[in-house]
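Asks: Provided herewith is a single structure, encoded as structure tokens, for subsequent inquiry.
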Amino acid sequence: MPVSLKGRSFLTLKHFTPEEINYLLDLSADLKAKKRAGIKGNLLEGKNVVLLFEKTSTRTRCAFEVGVLDEGGHVTFLGSGDSQMGKKESIEDTAKVLGRFYDGIEFRGFKQETVEILAANAGVPVWNGLTDLYHPTQILADFLTIKEHVAKPLNKVKFVYAGDARNNMGNSLMIGAAKMGMEFWGLAPKELWPAEELVAEMKEVAKETGASINFSENIDDVKNADVIYTDVWVSMGEEAMFEERIKQLKPYQVNMDMIKKTENPDVLFLHCLPAFHDLNTTVGKDIYEKFGLESMEVTDEVFRSRHSKVFDEAENRMHTIKAVMVATIGNL
């Protein structure tokens, strides 16, 4: 049967079948090819989109804004100080108002509950641009990048995530891998593994898709990896945790020793960005002064190596986010 996502919200990949995820990836590739060919889009012509941001962003905001404009739509950005949502007006009431003005609503912020309340009350599709629990649009960009650079189908890929495996990226990559039949490994100290309930849920999904969900504290388990992925050791809102996270995660830094342990000369390195790989940021300099680290979750050597496709991945945020909007509110 043809896939139709018209009118659907995009809150977590748990709500989508493998066929629906593949549809979004194929649509992303088509939209990317169209943009590369210089073809002006009209699939969001006459559509109005609002972006609600509690947390700042580079890639997510720009991807949504450019994606809307590329396809002929209009976009409004509301930062944390630009509306009364949650202050003088409830999230529910705000959703009901914005749903009268806009065809689609994006939310990027802290609580997953917030994006779910918006979706339950807006009457139009709501898209999760990141919460503390999930980051589903990022996973689409990651998987599109893998499809472009790894010469095997997703369900044959060994995917290793090294770092804080219970953050929104660890959760979302595990969900995506389970859905797409991948061999997923989370490398982290046990105290930073995902919630047992979520792992159990994804292992049930894996029984249907042929995926395997694994967690380990042993770096040697990167052997035969097709992809190594990492994220920052401290998420937004956890800045006081740097010293503790460094102690926990320094052994899981992605460096050339880890790359060599894969025994795969073509292993891919991915990162959702921003990355602390050098001293060219104020945070990087501060960490160096306090802890003597020139890089954190990934070394500069790996980040700039031929294994790294992080900027292809970043570009793919736009194409995949555009696909989500086109699929759910577009003129298809």
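Chain labels run A, B, ... following the order of the structure tokens; each chain numbers its residues from 1, and ligands are numbered from 1 in the order shown.
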With a cut-off of 7 Å, could you pull out the residues of range 163-224 of chain A touching range 258-265 of chain A and give me the nearest pair of atoms for each, distance in Å to one decimal, using only C-alpha atoms, ordered by chain and ascending number, as JSON lines?
Replies:
```
{"residue": "A:Asp220", "atom": "CA", "partner": "A:Lys261", "partner_atom": "CA", "distance": 6.5}
{"residue": "A:Val222", "atom": "CA", "partner": "A:Thr262", "partner_atom": "CA", "distance": 5.1}
{"residue": "A:Lys223", "atom": "CA", "partner": "A:Thr262", "partner_atom": "CA", "distance": 3.9}
{"residue": "A:Asn224", "atom": "CA", "partner": "A:Thr262", "partner_atom": "CA", "distance": 4.9}
```
Asks: Using only C-alpha atoms, tabulate the residues of range 122-206 of chain A lying at most 12 Å from any atom of range 29-51 of chain A, each with its closest atom pair and that distance in Å to one decimal, by chain and increasing residue number, as a Markdown table.
Replies:
```
| residue | atom | partner | partner_atom | distance |
| --- | --- | --- | --- | --- |
| A:Ala122 | CA | A:Val50 | CA | 11.9 |
| A:Val124 | CA | A:Val49 | CA | 10.3 |
| A:Pro125 | CA | A:Val49 | CA | 10.0 |
| A:Val126 | CA | A:Val50 | CA | 9.7 |
| A:Trp127 | CA | A:Leu51 | CA | 9.3 |
| A:Asn128 | CA | A:Leu51 | CA | 10.2 |
| A:Gly129 | CA | A:Leu51 | CA | 9.0 |
| A:Leu130 | CA | A:Leu51 | CA | 11.9 |
| A:Leu140 | CA | A:Ala29 | CA | 11.0 |
| A:Ala141 | CA | A:Ala29 | CA | 10.3 |
| A:Phe143 | CA | A:Ala29 | CA | 11.2 |
| A:Leu144 | CA | A:Ala29 | CA | 7.6 |
| A:Thr145 | CA | A:Ala29 | CA | 10.0 |
| A:Lys147 | CA | A:Ala29 | CA | 9.8 |
| A:Glu148 | CA | A:Ala29 | CA | 9.3 |
```
Asks: Counting only C-alpha atoms, which of A:Ala63, A:Leu270, A:Ala323, A:Met85 gets nearest to Val254 in chain A?
Replies: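 Between A:Ala63, A:Leu270, A:Ala323, A:Met85, the residue approaching Val254 in chain A most closely is A:Leu270.
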Asks: Restricting the calculation to only C-alpha atoms: of A:Ala165, A:Leu293, A:Cys62, A:Ala225, which residue gets closest to His277 in chain A?
Replies: A:Leu293
Asks: From the set A:Ile228, A:Ala95, A:Val302, A:Val3, which residue has the shortest atom-to-atom contact distance to Ala162 in chain A, counting only C-alpha atoms?
Replies: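 Under the stated criterion, the closest residue is A:Ile228.
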Asks: In Å, rounded to a single decimal, give me how far CA of Gln138 in chain A is from CA of Arg317 in chain A.
Replies: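 CA of Gln138 in chain A lies at a distance of 6.5 Å from CA of Arg317 in chain A.
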Asks: Of the candidates A:Gly81, A:Gly104, A:Gly67, A:Pro18, which one gets nearest to Thr328 in chain A if we count only C-alpha atoms?
Replies: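 Comparing A:Gly81, A:Gly104, A:Gly67, A:Pro18 against Thr328 in chain A, the winner is A:Gly104.
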Asks: Taking only C-alpha atoms into account, name the residue in A:Glu201, A:Asp142, A:Glu92, A:Glu54 that is nearest to Glu106 in chain A.
Replies: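 Closest residue, counting only C-alpha atoms: A:Glu54.
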Asks: Out of range 33-229 of chain A, which residues get strand (DSSP E or B) from DSSP, as number ranges by chain?
Replies: A: 48-53, 74-78, 85, 89, 104-108, 126-130, 158-162, 183-187, 212-216, 227-229
Asks: Go ahead and write the residues just picked, N, CA and C atoms, as a CSV table (one decimal), in the first residue's frame.
Replies:
```
chain,number,residue,atom,x,y,z
A,48,ASN,N,1.7,27.8,6.3
A,48,ASN,CA,2.4,28.6,7.3
A,48,ASN,C,2.8,27.7,8.5
A,49,VAL,N,4.1,27.9,8.9
A,49,VAL,CA,4.7,27.1,9.9
A,49,VAL,C,5.2,28.0,11.0
A,50,VAL,N,5.0,27.5,12.3
A,50,VAL,CA,5.6,28.3,13.4
A,50,VAL,C,6.6,27.4,14.1
A,51,LEU,N,7.7,28.0,14.5
A,51,LEU,CA,8.8,27.3,15.2
A,51,LEU,C,8.8,27.8,16.7
A,52,LEU,N,8.7,26.9,17.6
A,52,LEU,CA,8.7,27.2,19.0
A,52,LEU,C,10.0,26.7,19.6
A,53,PHE,N,10.9,27.6,20.1
A,53,PHE,CA,12.2,27.2,20.6
A,53,PHE,C,12.4,27.6,22.1
A,74,HIS,N,5.7,29.8,4.4
A,74,HIS,CA,6.1,31.0,5.3
A,74,HIS,C,6.3,30.5,6.7
A,75,VAL,N,7.3,31.1,7.4
A,75,VAL,CA,7.7,30.6,8.7
A,75,VAL,C,7.7,31.7,9.7
A,76,THR,N,7.3,31.5,10.9
A,76,THR,CA,7.4,32.4,12.1
A,76,THR,C,8.3,31.7,13.1
A,77,PHE,N,9.3,32.4,13.7
A,77,PHE,CA,10.1,31.9,14.7
A,77,PHE,C,9.7,32.6,16.0
A,78,LEU,N,9.5,31.8,17.1
A,78,LEU,CA,9.2,32.3,18.4
A,78,LEU,C,10.2,31.7,19.4
A,85,MET,N,3.6,31.2,26.2
A,85,MET,CA,3.4,29.8,26.4
A,85,MET,C,4.0,29.3,27.7
A,89,GLU,N,0.0,31.9,29.5
A,89,GLU,CA,-1.0,31.0,28.8
A,89,GLU,C,-0.5,29.6,28.8
A,104,GLY,N,1.4,23.9,10.5
A,104,GLY,CA,2.3,23.0,11.2
A,104,GLY,C,3.1,23.7,12.3
A,105,ILE,N,3.4,23.0,13.4
A,105,ILE,CA,4.1,23.6,14.6
A,105,ILE,C,5.3,22.7,14.9
A,106,GLU,N,6.4,23.4,15.0
A,106,GLU,CA,7.7,22.7,15.5
A,106,GLU,C,7.9,23.1,16.9
A,107,PHE,N,8.4,22.2,17.8
A,107,PHE,CA,8.8,22.5,19.1
A,107,PHE,C,10.1,21.9,19.4
A,108,ARG,N,11.0,22.8,20.0
A,108,ARG,CA,12.3,22.3,20.5
A,108,ARG,C,12.5,22.8,21.9
A,126,VAL,N,2.4,18.4,14.6
A,126,VAL,CA,3.4,19.0,15.5
A,126,VAL,C,4.7,18.1,15.3
A,127,TRP,N,5.8,18.8,15.2
A,127,TRP,CA,7.1,18.1,14.9
A,127,TRP,C,8.0,18.4,16.1
A,128,ASN,N,8.7,17.3,16.5
A,128,ASN,CA,9.6,17.4,17.6
A,128,ASN,C,11.0,17.7,17.1
A,129,GLY,N,11.5,19.0,17.4
A,129,GLY,CA,12.8,19.4,17.0
A,129,GLY,C,13.9,19.1,18.0
A,130,LEU,N,13.5,18.5,19.1
A,130,LEU,CA,14.4,18.0,20.2
A,130,LEU,C,13.7,18.2,21.5
A,158,LYS,N,26.2,-2.5,11.2
A,158,LYS,CA,26.5,-2.5,12.7
A,158,LYS,C,26.8,-1.1,13.1
A,159,PHE,N,25.9,-0.6,14.0
A,159,PHE,CA,26.0,0.8,14.4
A,159,PHE,C,26.4,0.9,15.9
A,160,VAL,N,27.4,1.6,16.2
A,160,VAL,CA,27.9,1.8,17.6
A,160,VAL,C,27.8,3.2,18.0
A,161,TYR,N,27.1,3.4,19.1
A,161,TYR,CA,27.0,4.7,19.8
A,161,TYR,C,27.9,4.7,21.0
A,162,ALA,N,28.9,5.6,21.1
A,162,ALA,CA,29.8,5.7,22.2
A,162,ALA,C,29.6,6.9,23.0
A,183,GLU,N,22.0,-3.7,13.7
A,183,GLU,CA,22.8,-4.2,14.9
A,183,GLU,C,23.2,-3.0,15.7
A,184,PHE,N,22.6,-2.7,16.8
A,184,PHE,CA,22.9,-1.5,17.6
A,184,PHE,C,23.7,-1.9,18.8
A,185,TRP,N,24.8,-1.1,19.1
A,185,TRP,CA,25.6,-1.3,20.3
A,185,TRP,C,25.7,0.1,20.9
A,186,GLY,N,25.4,0.1,22.2
A,186,GLY,CA,25.6,1.3,23.0
A,186,GLY,C,26.8,1.0,23.9
A,187,LEU,N,27.9,1.8,23.7
A,187,LEU,CA,29.1,1.7,24.6
A,187,LEU,C,29.1,2.8,25.6
A,212,SER,N,19.2,-6.1,16.5
A,212,SER,CA,19.7,-6.6,17.8
A,212,SER,C,20.1,-5.3,18.6
A,213,ILE,N,19.7,-5.3,19.9
A,213,ILE,CA,20.0,-4.2,20.8
A,213,ILE,C,21.0,-4.7,21.8
A,214,ASN,N,22.1,-4.0,21.9
A,214,ASN,CA,23.2,-4.5,22.8
A,214,ASN,C,23.8,-3.3,23.5
A,215,PHE,N,24.3,-3.6,24.8
A,215,PHE,CA,25.0,-2.5,25.5
A,215,PHE,C,26.2,-3.2,26.1
A,216,SER,N,27.3,-2.4,26.2
A,216,SER,CA,28.6,-2.9,26.7
A,216,SER,C,29.4,-1.8,27.3
A,227,VAL,N,29.5,2.1,11.5
A,227,VAL,CA,29.3,3.5,11.9
A,227,VAL,C,29.7,3.6,13.4
A,228,ILE,N,30.5,4.6,13.7
A,228,ILE,CA,30.7,5.0,15.1
A,228,ILE,C,30.1,6.4,15.3
A,229,TYR,N,29.3,6.6,16.3
A,229,TYR,CA,28.5,7.8,16.5
A,229,TYR,C,28.8,8.3,18.0
```
Asks: Identify which of the residues A:Met180, A:Leu133, A:Ala200, A:Val66 lies closest to Glu315 in chain A, counting only C-alpha atoms when measuring atom-to-atom distances.
Replies: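 Comparing A:Met180, A:Leu133, A:Ala200, A:Val66 against Glu315 in chain A, the winner is A:Val66.
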Asks: If you count only C-alpha atoms, which residues fall within 10 Å of Ile246 in chain A, apart from same-chain ones fewer than 6 positions away, as a PyMOL selection string?
Replies: chain A and resi 233-234+252-253+287+291+293+296-297
